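The block underneath contains the structure these notes are about, expressed in structure tokens.
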Amino acid sequence: MFIECEEQIPEMLRLFRDNCLNLRQIYCSFYENTAQLYQQFGPLVTRIDCDEFPHVFDTTSGQLLAKNMHTFELDIYSSDNKEQLSAFVAHNQSLKYMTQQMKHKKTSLVTTDNGNKRQAQMYAKNSMDRFGDDMYGLMLSYFSIEDRFQCECVSKQFQRTVFRSVVDITLNDRIIKRLRKEKTINLQLLATIAIKCPNIQTIDCRGIDTEFEEHIPEMLNTFRDNCRHLREIYRNLYPMNRQPMAALGPLVTRIGHLFSTETRALTHCHRLSHLGMSYLQHAFDFNQSDQLIVKNVRQLELKFYEESDGHRLATIVAGIQCLQSVKVMCYCVSTHQSLPEMCGQLSRLTQLRRLSLGLLIASPHISVHDSLRTIGVNCKQLKRLSLKLSGVHVWQALIQSVDWLRFYSRLKWLRLEVYAAIDDQLLEPLKHCKSLTHLELYIREMTANVLKDLHLNCPRIQYLFVCEFYNIIDNEYLSHISRLPALQMLVIQCRQDINLSDNDMNAVLSSSPKLKTIEIRVNNEKKFYSK
């Protein structure tokens with residue numbers, strides 16, 4: 001009710017009280033001149049919406065008028081009302097709901113520079129400063145570094161918080177093009193970015209190509225000089241001046257690609273944990289009798305493995321027992337003894353948790369069964385496995401199906417990429433992988449029966465990725481998939497639109513108990529179905 005009508009409130013309430021015998025509760029608002037209202041109808045008033053705290057106290061005696069409240073709403077509270085708040089709380093122990101709805105101003109306590117005194121600040125209702133810095137910091141943490149500079153102009157609070165949550169930054173060719181002025185980097189602008197982001201701990205510049213490699217040292221030096229919390233640098237090692245590497249080497253913990261001419265630079269990277277290179281020989285110093293340079297590396301990524309690398313792999317396995325992840329992108333297997341030799345060495349890595357092998361089968365006499373079984377038996381910590389089989393003799397290599405999976409019962413994540421047609425029973429050994437939660441299938445040709453018993457063999461699968469090459473996914477496929485009891489995410493990648501309607505996809509969503517999202521990928525375009 002408007003304040004202009006407050007004089008009629010007592011008369012109206014008196015009429016209702018005298019004529020409504022069952023009247024039990026009155027909800028009202030308290031203004032400066034409504035103290036008498038509570039004196040007359042106090043026993044019936046159970047909810048109060050108060051403009052200011054002094055209004056619930058008698059102006060002459062100072063006695064609290066609102067007692068035994070269940071619900072109380074206050075529009076304005078200031079630090080001057082501390083004593084009145086204590087009295088109110090003492091006489092309203094039955095209070096169940098109290099809210100402070102600021103119609104005009106909001107009070108906030110701010111610590112002064114000396115760290116001891118506190119003073120009250122009042123904020124308007126439409127002021128964004130009435131929300132805490134923590135909330136803005138969390139919200140702005142999802143923004144890219146470019147978007148943050150635009151948000152900086154929104155308010156003073158944004159200026160204060162927009163860069164506070166920037167703890168890692170990724171430098172790539174696109175950013176360099178924006179910083180580049182003719183053939184040089186705008187170091188002043190770069191320094192401004194570094195100064196605005198003083199909490200940066202990690203810099204990832206592995207996305208910078210050889211075209212701009214000359215700018216990497218000066219960019220990293222700028223961040224190092226302005227970011228006191230910088231702890232890690234991820235980068236590629238291009239042919240460059242050794243002096244910058246000697247200074248920055250202790251900060252380099254991940255190398256995405258190592259050029260053969262920069263092998264000696266690894267001696268400066270004492271904290272290196274991730275190393276990527278083209279050939280295994282790049283990890284050795286030719287000037288010192290093929291001495292192994294890298295040590296204590298936890299993740300090793302290799303583009304090409306050669307059959308002549310057996311002795312080097314043996315040296316790495318013996319010298320880096322802490323290896324937890326190994327990735328071999330391409331290994332051309334042409335002799336029947338080379339694959340067992342490599343897998344035998346890998347099986348000595350007792351701490352191995354992730355393994356990715358890309359095998360090009362170049363001979364009909366190659367079998368992967370015994371080699372992979374050796375790894376499964378000895379690497380008890382292995383949780384993630386990715387296997388790619390290609391070449392004209394893939395089928396001969398799988399003549400014993402994938403029975404080696406019985407020795408990988410601890411797997412949580414499995415990716416199978418087989419460039420050959422498979423029969424319906426090939427994936428039956430998946431029944432030994434009961435702990436599997438993530439499954440990716442890149443199989444050139446398979447029927448729906450391959451997935452027929454997947455819900456029984458792998459009942460814990462939460463993420464399923466299926467890449468199909470010949471547009472053969474139909475309702476029978478989806479029917480088998482919908483029976484997976486724990487499935488939450490389904491991704492289907494195909495070369496052309498599949499012959500399934502939106503209704504078919506929504507039917508799978510409704511029939512699968514935990515399925516939340518279906519993603520269809522066609523020619524770099526994505527379409528989503530969600531509950």
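By order in the structure tokens, chains are A, B, ...; within a chain, residues start at 1; ligands start at 1, following the order shown.
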
Taking the chain letters and numbering used in this document, name the residues of stretch 136-348 of chain A that DSSP puts in alpha helix (DSSP H), as a PyMOL selection string.
chain A and resi 136-140+145-151+156-161+173-179+187-196+216-226+242-248+310-319+338-346

DSSP strand (DSSP E or B) selection over stretch 119-222 of chain A, as a PyMOL selection string:
chain A and resi 119-124+168-172+180-181+184-185+202-207

Set the distance at 9 Å and use only C-alpha atoms: which residues neighbour stretch 389-398 of chain A once local chain neighbours fewer than 6 positions away are removed? I'd like the list as a ChimeraX atom specification.
/A:357-369,416-422,426

Just N, CA and C atoms for this one: save the residues we selected as a compact mmCIF listing (two decimals), in the first residue's frame.
# COMPACT_ATOMS: atom_id res chain seq x y z
N LEU A 357 49.53 -46.15 -29.55
CA LEU A 357 50.36 -46.79 -30.58
C LEU A 357 49.67 -46.66 -31.93
N GLY A 358 50.41 -46.16 -32.92
CA GLY A 358 49.94 -46.14 -34.29
C GLY A 358 50.78 -47.10 -35.11
N LEU A 359 50.22 -48.24 -35.49
CA LEU A 359 50.97 -49.31 -36.15
C LEU A 359 50.55 -49.44 -37.61
N LEU A 360 51.52 -49.34 -38.50
CA LEU A 360 51.30 -49.56 -39.93
C LEU A 360 51.80 -50.97 -40.25
N ILE A 361 50.88 -51.87 -40.47
CA ILE A 361 51.22 -53.28 -40.69
C ILE A 361 51.65 -53.47 -42.15
N ALA A 362 52.95 -53.75 -42.35
CA ALA A 362 53.51 -53.84 -43.70
C ALA A 362 53.83 -55.27 -44.12
N SER A 363 53.42 -56.24 -43.32
CA SER A 363 53.72 -57.64 -43.66
C SER A 363 52.55 -58.52 -43.22
N PRO A 364 52.22 -59.55 -43.99
CA PRO A 364 51.12 -60.44 -43.59
C PRO A 364 51.48 -61.37 -42.44
N HIS A 365 52.73 -61.35 -42.01
CA HIS A 365 53.18 -62.26 -40.95
C HIS A 365 53.23 -61.59 -39.58
N ILE A 366 52.65 -60.42 -39.48
CA ILE A 366 52.67 -59.68 -38.21
C ILE A 366 51.40 -59.98 -37.42
N SER A 367 51.59 -60.28 -36.13
CA SER A 367 50.46 -60.47 -35.21
C SER A 367 50.67 -59.57 -34.01
N VAL A 368 49.62 -58.85 -33.64
CA VAL A 368 49.74 -57.91 -32.52
C VAL A 368 49.35 -58.53 -31.19
N HIS A 369 48.79 -59.74 -31.23
CA HIS A 369 48.21 -60.33 -30.03
C HIS A 369 49.24 -60.52 -28.92
N LEU A 416 39.96 -47.44 -30.25
CA LEU A 416 40.34 -48.40 -31.27
C LEU A 416 40.11 -47.81 -32.65
N GLU A 417 41.16 -47.75 -33.44
CA GLU A 417 41.08 -47.22 -34.79
C GLU A 417 41.59 -48.31 -35.74
N VAL A 418 40.67 -48.95 -36.43
CA VAL A 418 41.01 -50.10 -37.28
C VAL A 418 40.53 -49.82 -38.70
N TYR A 419 41.48 -49.73 -39.62
CA TYR A 419 41.14 -49.45 -41.01
C TYR A 419 40.98 -50.75 -41.78
N ALA A 420 39.95 -51.48 -41.41
CA ALA A 420 39.63 -52.74 -42.06
C ALA A 420 38.23 -53.13 -41.65
N ALA A 421 37.61 -54.01 -42.43
CA ALA A 421 36.30 -54.54 -42.07
C ALA A 421 36.48 -55.59 -40.99
N ILE A 422 35.60 -55.57 -40.00
CA ILE A 422 35.70 -56.54 -38.90
C ILE A 422 34.42 -57.34 -38.83
N LEU A 426 34.53 -59.61 -33.29
CA LEU A 426 35.88 -59.12 -33.04
C LEU A 426 36.00 -58.41 -31.71

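Between atom CA of A:Ser512 and atom CA of A:Arg410 lies a distance of 25.7 Å.
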
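Reported to one decimal place, the separation of atom CA of A:Gln462 from atom CA of A:Glu519 is 14.0 Å.
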
Report as a PyMOL selection string all protein, DNA and RNA residues lying within 6 Å of stretch 266-275 of chain A, evaluated on only C-alpha atoms, omitting residues in the same chain fewer than 3 positions from it.
chain A and resi 246+249-250+252-255+263+297-300

Could those selected residues go to a file with C-alpha atoms, as a PDB file, in the first residue's frame?
ATOM      1  CA  ALA A 246      69.913 -20.853 -20.991  1.00  0.00           C
ATOM      2  CA  GLY A 249      65.287 -23.243 -19.670  1.00  0.00           C
ATOM      3  CA  PRO A 250      64.561 -23.755 -15.945  1.00  0.00           C
ATOM      4  CA  VAL A 252      60.360 -24.884 -19.551  1.00  0.00           C
ATOM      5  CA  THR A 253      58.380 -27.922 -18.411  1.00  0.00           C
ATOM      6  CA  ARG A 254      56.751 -29.035 -21.687  1.00  0.00           C
ATOM      7  CA  ILE A 255      58.195 -29.182 -25.205  1.00  0.00           C
ATOM      8  CA  THR A 263      69.015 -31.376 -28.702  1.00  0.00           C
ATOM      9  CA  VAL A 297      60.235 -36.983 -18.173  1.00  0.00           C
ATOM     10  CA  ARG A 298      56.726 -38.238 -17.419  1.00  0.00           C
ATOM     11  CA  GLN A 299      55.222 -37.949 -20.905  1.00  0.00           C
ATOM     12  CA  LEU A 300      56.969 -38.859 -24.170  1.00  0.00           C
TER      13      LEU A 300
END

At what distance in Å, to one decimal, does atom CA of A:Ile26 lie from atom CA of A:His91?
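It comes out at 19.0 Å.
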
With a distance cut-off of 10 Å and only C-alpha atoms, select the neighbouring residues of stretch 144-147 of chain A, excluding the residue or stretch itself and same-chain residues fewer than 6 positions from it, and output the selection as a ChimeraX atom specification.
/A:162-163,166,168-170,175,193,197

Please provide the set of residues having any atom within 8 Å of A:Val522, restricted to only C-alpha atoms, with same-chain residues fewer than 4 positions apart removed, written as a PDB file with N, CA, C and O atoms, in the first residue's frame.
ATOM      1  N   GLN A 493      30.346 -39.495 -35.645  1.00  0.00           N
ATOM      2  CA  GLN A 493      31.034 -38.736 -36.692  1.00  0.00           C
ATOM      3  C   GLN A 493      30.873 -39.469 -38.019  1.00  0.00           C
ATOM      4  O   GLN A 493      31.103 -40.670 -38.111  1.00  0.00           O
ATOM      5  N   CYS A 494      30.457 -38.743 -39.046  1.00  0.00           N
ATOM      6  CA  CYS A 494      30.225 -39.366 -40.342  1.00  0.00           C
ATOM      7  C   CYS A 494      30.597 -38.401 -41.458  1.00  0.00           C
ATOM      8  O   CYS A 494      30.732 -37.189 -41.242  1.00  0.00           O
ATOM      9  N   ARG A 495      30.744 -38.938 -42.648  1.00  0.00           N
ATOM     10  CA  ARG A 495      31.158 -38.133 -43.795  1.00  0.00           C
ATOM     11  C   ARG A 495      29.989 -37.402 -44.436  1.00  0.00           C
ATOM     12  O   ARG A 495      30.159 -36.396 -45.100  1.00  0.00           O
ATOM     13  N   GLN A 496      28.795 -37.944 -44.268  1.00  0.00           N
ATOM     14  CA  GLN A 496      27.621 -37.306 -44.822  1.00  0.00           C
ATOM     15  C   GLN A 496      26.457 -37.506 -43.863  1.00  0.00           C
ATOM     16  O   GLN A 496      26.549 -38.274 -42.907  1.00  0.00           O
ATOM     17  N   ASP A 497      25.378 -36.784 -44.103  1.00  0.00           N
ATOM     18  CA  ASP A 497      24.227 -36.866 -43.208  1.00  0.00           C
ATOM     19  C   ASP A 497      23.724 -38.298 -43.099  1.00  0.00           C
ATOM     20  O   ASP A 497      23.572 -39.005 -44.105  1.00  0.00           O
ATOM     21  N   LYS A 526      28.566 -29.427 -36.416  1.00  0.00           N
ATOM     22  CA  LYS A 526      28.062 -30.182 -35.280  1.00  0.00           C
ATOM     23  C   LYS A 526      26.584 -29.886 -35.044  1.00  0.00           C
ATOM     24  O   LYS A 526      26.142 -28.757 -35.207  1.00  0.00           O
TER      25      LYS A 526
END

Near-A:Leu490 list (12 Å; only C-alpha atoms; drop same-chain fewer than 5 positions) as a ChimeraX atom specification:
/A:438-441,461-467,478,481-482,484,505,508-509,512,514-521,527-530
